[in-house]
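Below is the file structure20.txt, which contains compact mmCIF, C-alpha atoms.
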# COMPACT_ATOMS: atom_id res chain seq x y z
CA MET A 499 -5.44 -7.55 -10.81
CA THR A 500 -2.28 -9.17 -9.57
CA THR A 501 -1.00 -11.54 -6.96
CA ILE A 502 2.48 -11.11 -5.53
CA VAL A 503 4.08 -13.26 -2.84
CA GLY A 504 7.19 -12.31 -0.88
CA ILE A 505 9.17 -14.42 1.54
CA GLN A 506 11.80 -12.85 3.79
CA GLY A 507 14.51 -15.34 4.76
CA LYS A 508 17.41 -14.85 7.13
CA ASP A 509 19.55 -13.12 4.50
CA PHE A 510 17.49 -13.44 1.33
CA VAL A 511 14.20 -12.52 -0.32
CA VAL A 512 12.09 -14.52 -2.76
CA MET A 513 9.29 -12.83 -4.67
CA ALA A 514 6.79 -14.46 -7.06
CA ALA A 515 4.05 -12.95 -9.23
CA ASP A 516 1.48 -14.06 -11.77
CA SER A 517 1.22 -12.91 -15.40
CA GLN A 518 -2.41 -11.80 -15.74
CA ILE A 519 -3.25 -8.19 -16.43
CA THR A 520 -6.87 -7.19 -15.92
CA LEU A 521 -8.06 -4.07 -17.70
CA ASP A 522 -11.74 -3.33 -17.19
CA SER A 523 -13.35 -6.52 -18.52
CA GLN A 524 -10.27 -7.69 -20.47
CA ARG A 525 -8.04 -10.50 -19.29
CA ILE A 526 -4.55 -10.37 -20.77
CA ILE A 527 -1.87 -12.97 -20.04
CA SER A 528 1.45 -11.20 -20.52
CA PRO A 529 4.71 -12.71 -19.24
CA LYS A 530 6.45 -9.94 -21.22
CA THR A 531 4.92 -7.32 -18.90
CA PRO A 532 6.52 -8.40 -15.63
CA LYS A 533 5.14 -7.44 -12.25
CA LEU A 534 8.52 -8.05 -10.63
CA VAL A 535 11.31 -5.83 -11.90
CA ARG A 536 14.87 -5.08 -10.97
CA VAL A 537 15.51 -1.38 -10.53
CA GLY A 538 19.19 -0.96 -9.74
CA LYS A 539 19.92 -3.23 -6.77
CA TYR A 540 16.25 -3.28 -5.77
CA ILE A 541 13.44 -5.69 -6.63
CA LEU A 542 10.06 -4.04 -7.05
CA GLY A 543 6.79 -6.00 -7.08
CA ILE A 544 3.99 -3.95 -8.63
CA ALA A 545 0.29 -4.49 -7.91
CA GLY A 546 -2.67 -2.30 -8.78
CA ASP A 547 -2.79 0.58 -11.21
CA ALA A 548 0.11 0.54 -13.65
CA ARG A 549 1.02 4.22 -14.05
CA PRO A 550 2.82 4.76 -10.71
CA GLY A 551 4.52 1.37 -11.11
CA ASP A 552 5.70 2.34 -14.58
CA ILE A 553 7.15 5.56 -13.19
CA LEU A 554 9.18 3.61 -10.63
CA THR A 555 10.21 0.98 -13.18
CA PHE A 556 11.42 3.38 -15.85
CA ASN A 557 12.06 6.75 -14.17
CA TRP A 558 13.07 6.12 -10.56
CA ASN A 559 16.73 6.42 -9.72
CA PRO A 560 16.85 4.42 -6.48
CA PRO A 561 19.25 5.64 -3.81
CA ALA A 562 22.31 3.54 -3.07
CA TYR A 563 22.11 1.68 0.22
CA LYS A 564 25.51 1.29 1.86
CA SER A 565 24.87 0.23 5.44
CA GLY A 566 22.82 0.90 8.55
CA ASP A 567 19.27 0.21 9.60
CA GLU A 568 17.19 -0.74 6.56
CA VAL A 569 13.94 0.47 8.16
CA GLN A 570 15.40 3.93 8.82
CA PHE A 571 16.79 4.03 5.27
CA MET A 572 13.40 3.04 3.91
CA GLY A 573 11.55 5.83 5.72
CA LYS A 574 14.13 8.58 5.42
CA VAL A 575 15.55 7.96 1.94
CA ILE A 576 13.69 5.42 -0.23
CA ILE A 577 10.10 6.59 0.30
CA PRO A 578 11.00 10.28 -0.30
CA SER A 579 12.91 9.29 -3.47
CA MET A 580 9.86 7.40 -4.78
CA MET A 581 7.62 10.36 -4.02
CA GLU A 582 10.04 12.63 -5.85
CA ALA A 583 9.99 10.31 -8.89
CA PHE A 584 6.19 10.48 -8.93
CA SER A 585 6.26 14.27 -8.70
CA MET A 586 8.96 14.67 -11.37
CA ASN A 587 6.92 12.50 -13.74
CA GLY A 588 3.59 14.27 -13.30
CA PHE A 589 1.91 11.87 -10.86
CA ASP A 590 0.27 13.75 -8.01
CA LEU A 591 -0.09 11.58 -4.90
CA ASP A 592 -2.39 14.14 -3.28
CA GLY A 593 -4.44 15.19 -6.29
CA GLU A 594 -6.79 13.78 -8.90
CA ASP A 595 -4.28 11.11 -10.00
CA LYS A 596 -4.35 9.42 -6.61
CA LYS A 597 -8.10 9.67 -6.14
CA GLU A 598 -8.63 7.40 -9.14
CA MET A 599 -5.83 4.90 -8.48
CA SER A 600 -4.90 2.20 -6.05
CA PHE A 601 -1.54 0.43 -5.88
CA GLU A 602 0.73 -1.50 -3.55
CA TYR A 603 4.33 -2.57 -3.85
CA LEU A 604 6.70 -5.07 -2.37
CA LEU A 605 10.26 -3.76 -2.34
CA ALA A 606 13.44 -5.70 -1.58
CA PHE A 607 16.92 -4.35 -1.02
CA ASN A 608 19.90 -5.74 0.86
CA GLY A 609 18.00 -8.99 1.40
CA LYS A 610 15.23 -7.14 3.29
CA LEU A 611 11.57 -6.99 2.20
CA PHE A 612 8.99 -4.22 2.73
CA SER A 613 5.37 -3.67 1.79
CA ILE A 614 4.43 -0.17 0.58
CA GLY A 615 0.84 1.10 0.47
CA ASP A 616 -0.60 3.64 -1.93
CA ASP A 617 -0.33 6.28 0.79
CA MET A 618 3.43 5.53 0.77
CA SER A 619 3.34 4.01 4.24
CA PHE A 620 5.47 0.90 4.64
CA LEU A 621 5.82 -2.08 6.92
CA CYS A 622 7.88 -5.14 7.68
CA SER A 623 6.13 -8.41 8.42
CA GLU A 624 7.09 -10.22 11.61
CA SER A 625 6.27 -13.55 9.97
CA GLY A 626 8.43 -12.82 6.93
CA TYR A 627 5.46 -13.47 4.62
CA TYR A 628 4.09 -10.80 2.33
CA THR A 629 1.28 -10.88 -0.21
CA THR A 630 -0.61 -8.32 -2.18
CA GLY A 631 -3.22 -8.26 -4.88
CA SER A 632 -6.48 -10.05 -5.47
CA GLY A 633 -5.16 -13.55 -4.72
CA GLY A 634 -2.99 -12.45 -1.83
CA SER A 635 -5.24 -13.81 0.90
CA PHE A 636 -5.26 -17.28 -0.68
CA ALA A 637 -1.47 -17.27 -0.98
CA LEU A 638 -1.03 -15.94 2.57
CA GLY A 639 -3.27 -18.68 3.93
CA TYR A 640 -0.93 -21.27 2.46
CA LEU A 641 2.21 -19.44 3.62
CA GLU A 642 0.93 -19.27 7.19
CA SER A 643 0.43 -23.06 7.13
CA VAL A 644 4.12 -23.65 6.34
CA ASP A 645 6.52 -24.32 9.20
CA PRO A 646 9.00 -21.39 9.09
CA LYS A 647 11.81 -23.86 9.87
CA LYS A 648 11.37 -25.20 6.32
CA ILE A 649 12.41 -21.86 4.84
CA LYS A 650 16.16 -22.02 5.39
CA SER A 651 17.30 -21.57 1.79
CA VAL A 652 16.44 -19.65 -1.35
CA GLN A 653 15.53 -22.94 -3.02
CA ALA A 654 13.07 -23.93 -0.27
CA ALA A 655 11.52 -20.45 -0.22
CA THR A 656 11.18 -20.52 -4.02
CA MET A 657 9.28 -23.82 -3.91
CA ILE A 658 7.00 -22.50 -1.17
CA ALA A 659 6.38 -19.21 -3.04
CA LYS A 660 5.51 -21.13 -6.21
CA LYS A 661 3.07 -23.34 -4.29
CA ALA A 662 1.41 -20.26 -2.74
CA MET A 663 1.08 -18.73 -6.22
CA ALA A 664 -0.34 -21.99 -7.63
CA ILE A 665 -3.06 -21.90 -4.97
CA ALA A 666 -3.84 -18.26 -5.75
CA CYS A 667 -4.00 -19.09 -9.48
CA LYS A 668 -6.47 -21.88 -8.77
CA LEU A 669 -8.74 -19.91 -6.44
CA ASP A 670 -8.56 -16.31 -7.70
CA ILE A 671 -10.05 -15.53 -11.11
CA LYS A 672 -7.72 -12.52 -11.51
CA THR A 673 -4.50 -14.51 -10.98
CA TYR A 674 -3.05 -16.68 -13.74
CA PRO A 675 0.26 -18.37 -14.65
CA PRO A 676 2.99 -18.40 -15.75
CA ILE A 677 4.62 -17.47 -12.46
CA GLN A 678 7.63 -15.14 -12.36
CA VAL A 679 10.15 -15.60 -9.53
CA ILE A 680 13.00 -13.28 -8.54
CA THR A 681 15.42 -13.76 -5.67
CA GLN A 682 17.85 -11.49 -3.84
CA THR A 683 20.53 -12.23 -1.28
CA LYS A 684 22.14 -9.86 1.18

Mind converting the file's structure to structure tokens?
Amino acid sequence: MTTIVGIQGKDFVVMAADSQITLDSQRIISPKTPKLVRVGKYILGIAGDARPGDILTFNWNPPAYKSGDEVQFMGKVIIPSMMEAFSMNGFDLDGEDKKEMSFEYLLAFNGKLFSIGDDMSFLCSESGYYTTGSGGSFALGYLESVDPKKIKSVQAATMIAKKAMAIACKLDIKTYPPIQVITQTK
């Protein structure tokens, strides 16, 4: 599985992910197969089954965000564009493909972070903390213990995200270093 951590700052996002890939009973450590990717001006954190994530990584042409409400843009433009990419690349969200798969994404654009479920629903966290994957609850426990006033800069958020990932790596058998970190500013 995967563990991904996201921290939403005032005008920035920090995302961190581990490097373990679990396939059936195999454990593969692969920093060359990143779980955090840049797709245009977006950062995509991929957890769960790989196929839909690969479609978004290699075949999604993300829409250009210019201005306006990011939540509205997410629901009216980004989510439909992702669904179209799935459809155009032979992945049926309502058919047999989806019945056998589970995935979740963290997506950042314009310094704003969203969580996307495998039913393509999305949310914004009031706390500014996001986690997904098998070690997500361990990482979230640490994040919730941090005073939000300490997260005023990308550097501070990066240190906190790395610490949350270190805890997940220690406590979750399906989460393993090295840790990848990507940042985005508005």

Near region 571-573 of chain A, counting all atoms listed in the file, which residues have an atom at most 12 Å away, once you skip same-chain residues fewer than 3 positions from it, shown as a CSV table (one decimal) with C-alpha atoms, in the frame of the given file?
chain,number,residue,atom,x,y,z
A,540,TYR,CA,16.2,-3.3,-5.8
A,560,PRO,CA,16.8,4.4,-6.5
A,561,PRO,CA,19.2,5.6,-3.8
A,562,ALA,CA,22.3,3.5,-3.1
A,563,TYR,CA,22.1,1.7,0.2
A,564,LYS,CA,25.5,1.3,1.9
A,565,SER,CA,24.9,0.2,5.4
A,566,GLY,CA,22.8,0.9,8.6
A,567,ASP,CA,19.3,0.2,9.6
A,568,GLU,CA,17.2,-0.7,6.6
A,576,ILE,CA,13.7,5.4,-0.2
A,577,ILE,CA,10.1,6.6,0.3
A,578,PRO,CA,11.0,10.3,-0.3
A,579,SER,CA,12.9,9.3,-3.5
A,580,MET,CA,9.9,7.4,-4.8
A,581,MET,CA,7.6,10.4,-4.0
A,605,LEU,CA,10.3,-3.8,-2.3
A,606,ALA,CA,13.4,-5.7,-1.6
A,607,PHE,CA,16.9,-4.4,-1.0
A,608,ASN,CA,19.9,-5.7,0.9
A,610,LYS,CA,15.2,-7.1,3.3
A,611,LEU,CA,11.6,-7.0,2.2
A,612,PHE,CA,9.0,-4.2,2.7
A,613,SER,CA,5.4,-3.7,1.8
A,614,ILE,CA,4.4,-0.2,0.6
A,618,MET,CA,3.4,5.5,0.8
A,619,SER,CA,3.3,4.0,4.2
A,620,PHE,CA,5.5,0.9,4.6
A,621,LEU,CA,5.8,-2.1,6.9
A,622,CYS,CA,7.9,-5.1,7.7

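Nearest residue to Thr555 (chain A) among A:Asp670, A:Met599, A:Val575, A:Thr531 is A:Thr531, counting all atoms listed in the file.
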
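Compared by their closest atoms to Gly609 (chain A), and using all atoms listed in the file, the residues A:Gly593, A:Gly639, A:Gly626, A:Gly588 rank with A:Gly626 nearest.
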
TODO: Can you work out which one of A:Ile649, A:Val569, A:Ala659, A:Ile671 has the shortest atom-to-atom distance to Asp509 (chain A), counting only C-alpha atoms?
DONE: A:Ile649

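The two atoms in question, CA of Val537 (chain A) and CA of Phe589 (chain A), are spaced 19.0 Å apart.
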
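Shortest atom-to-atom contact with Gly633 (chain A) among A:Ser585, A:Ile677, A:Ile658, A:Thr501: A:Thr501, counting all atoms listed in the file.
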
- [ ] Find the distance between CA of Pro532 (chain A) and CA of Glu624 (chain A) and write it in Å to one decimal.
- [x] 27.3 Å

Can you list every residue of region 619-656 of chain A that has an atom at most 10 Å from region 513-519 of chain A, with its nearest atom pair and the distance in Å to one decimal, using all atoms listed in the file, ordered by chain then number, as a tab-separated table?
residue	atom	partner	partner_atom	distance
A:Tyr628	CA	A:Met513	CA	9.0
A:Thr629	CA	A:Met513	CA	9.4
A:Thr630	CA	A:Ala515	CA	9.6
A:Gly631	CA	A:Ala515	CA	9.7
A:Gly633	CA	A:Asp516	CA	9.7
A:Ala655	CA	A:Met513	CA	9.1
A:Thr656	CA	A:Met513	CA	7.9

Using the file's own x, y and z axes, what box holds all listed atoms of region 595-613 of chain A with 6 Å on each side, keeping edges along x, y and z, and what are its centre and edge lengths in Å to one decimal, as AutoDock Vina command-line options?
--center_x 5.6 --center_y 1.1 --center_z -3.4 --size_x 40.5 --size_y 32.1 --size_z 25.3

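Candidate residues A:Pro646, A:Pro676, A:Gly543, A:Gly615 were compared for distance to Lys660 (chain A), and the nearest is A:Pro676, using only C-alpha atoms.
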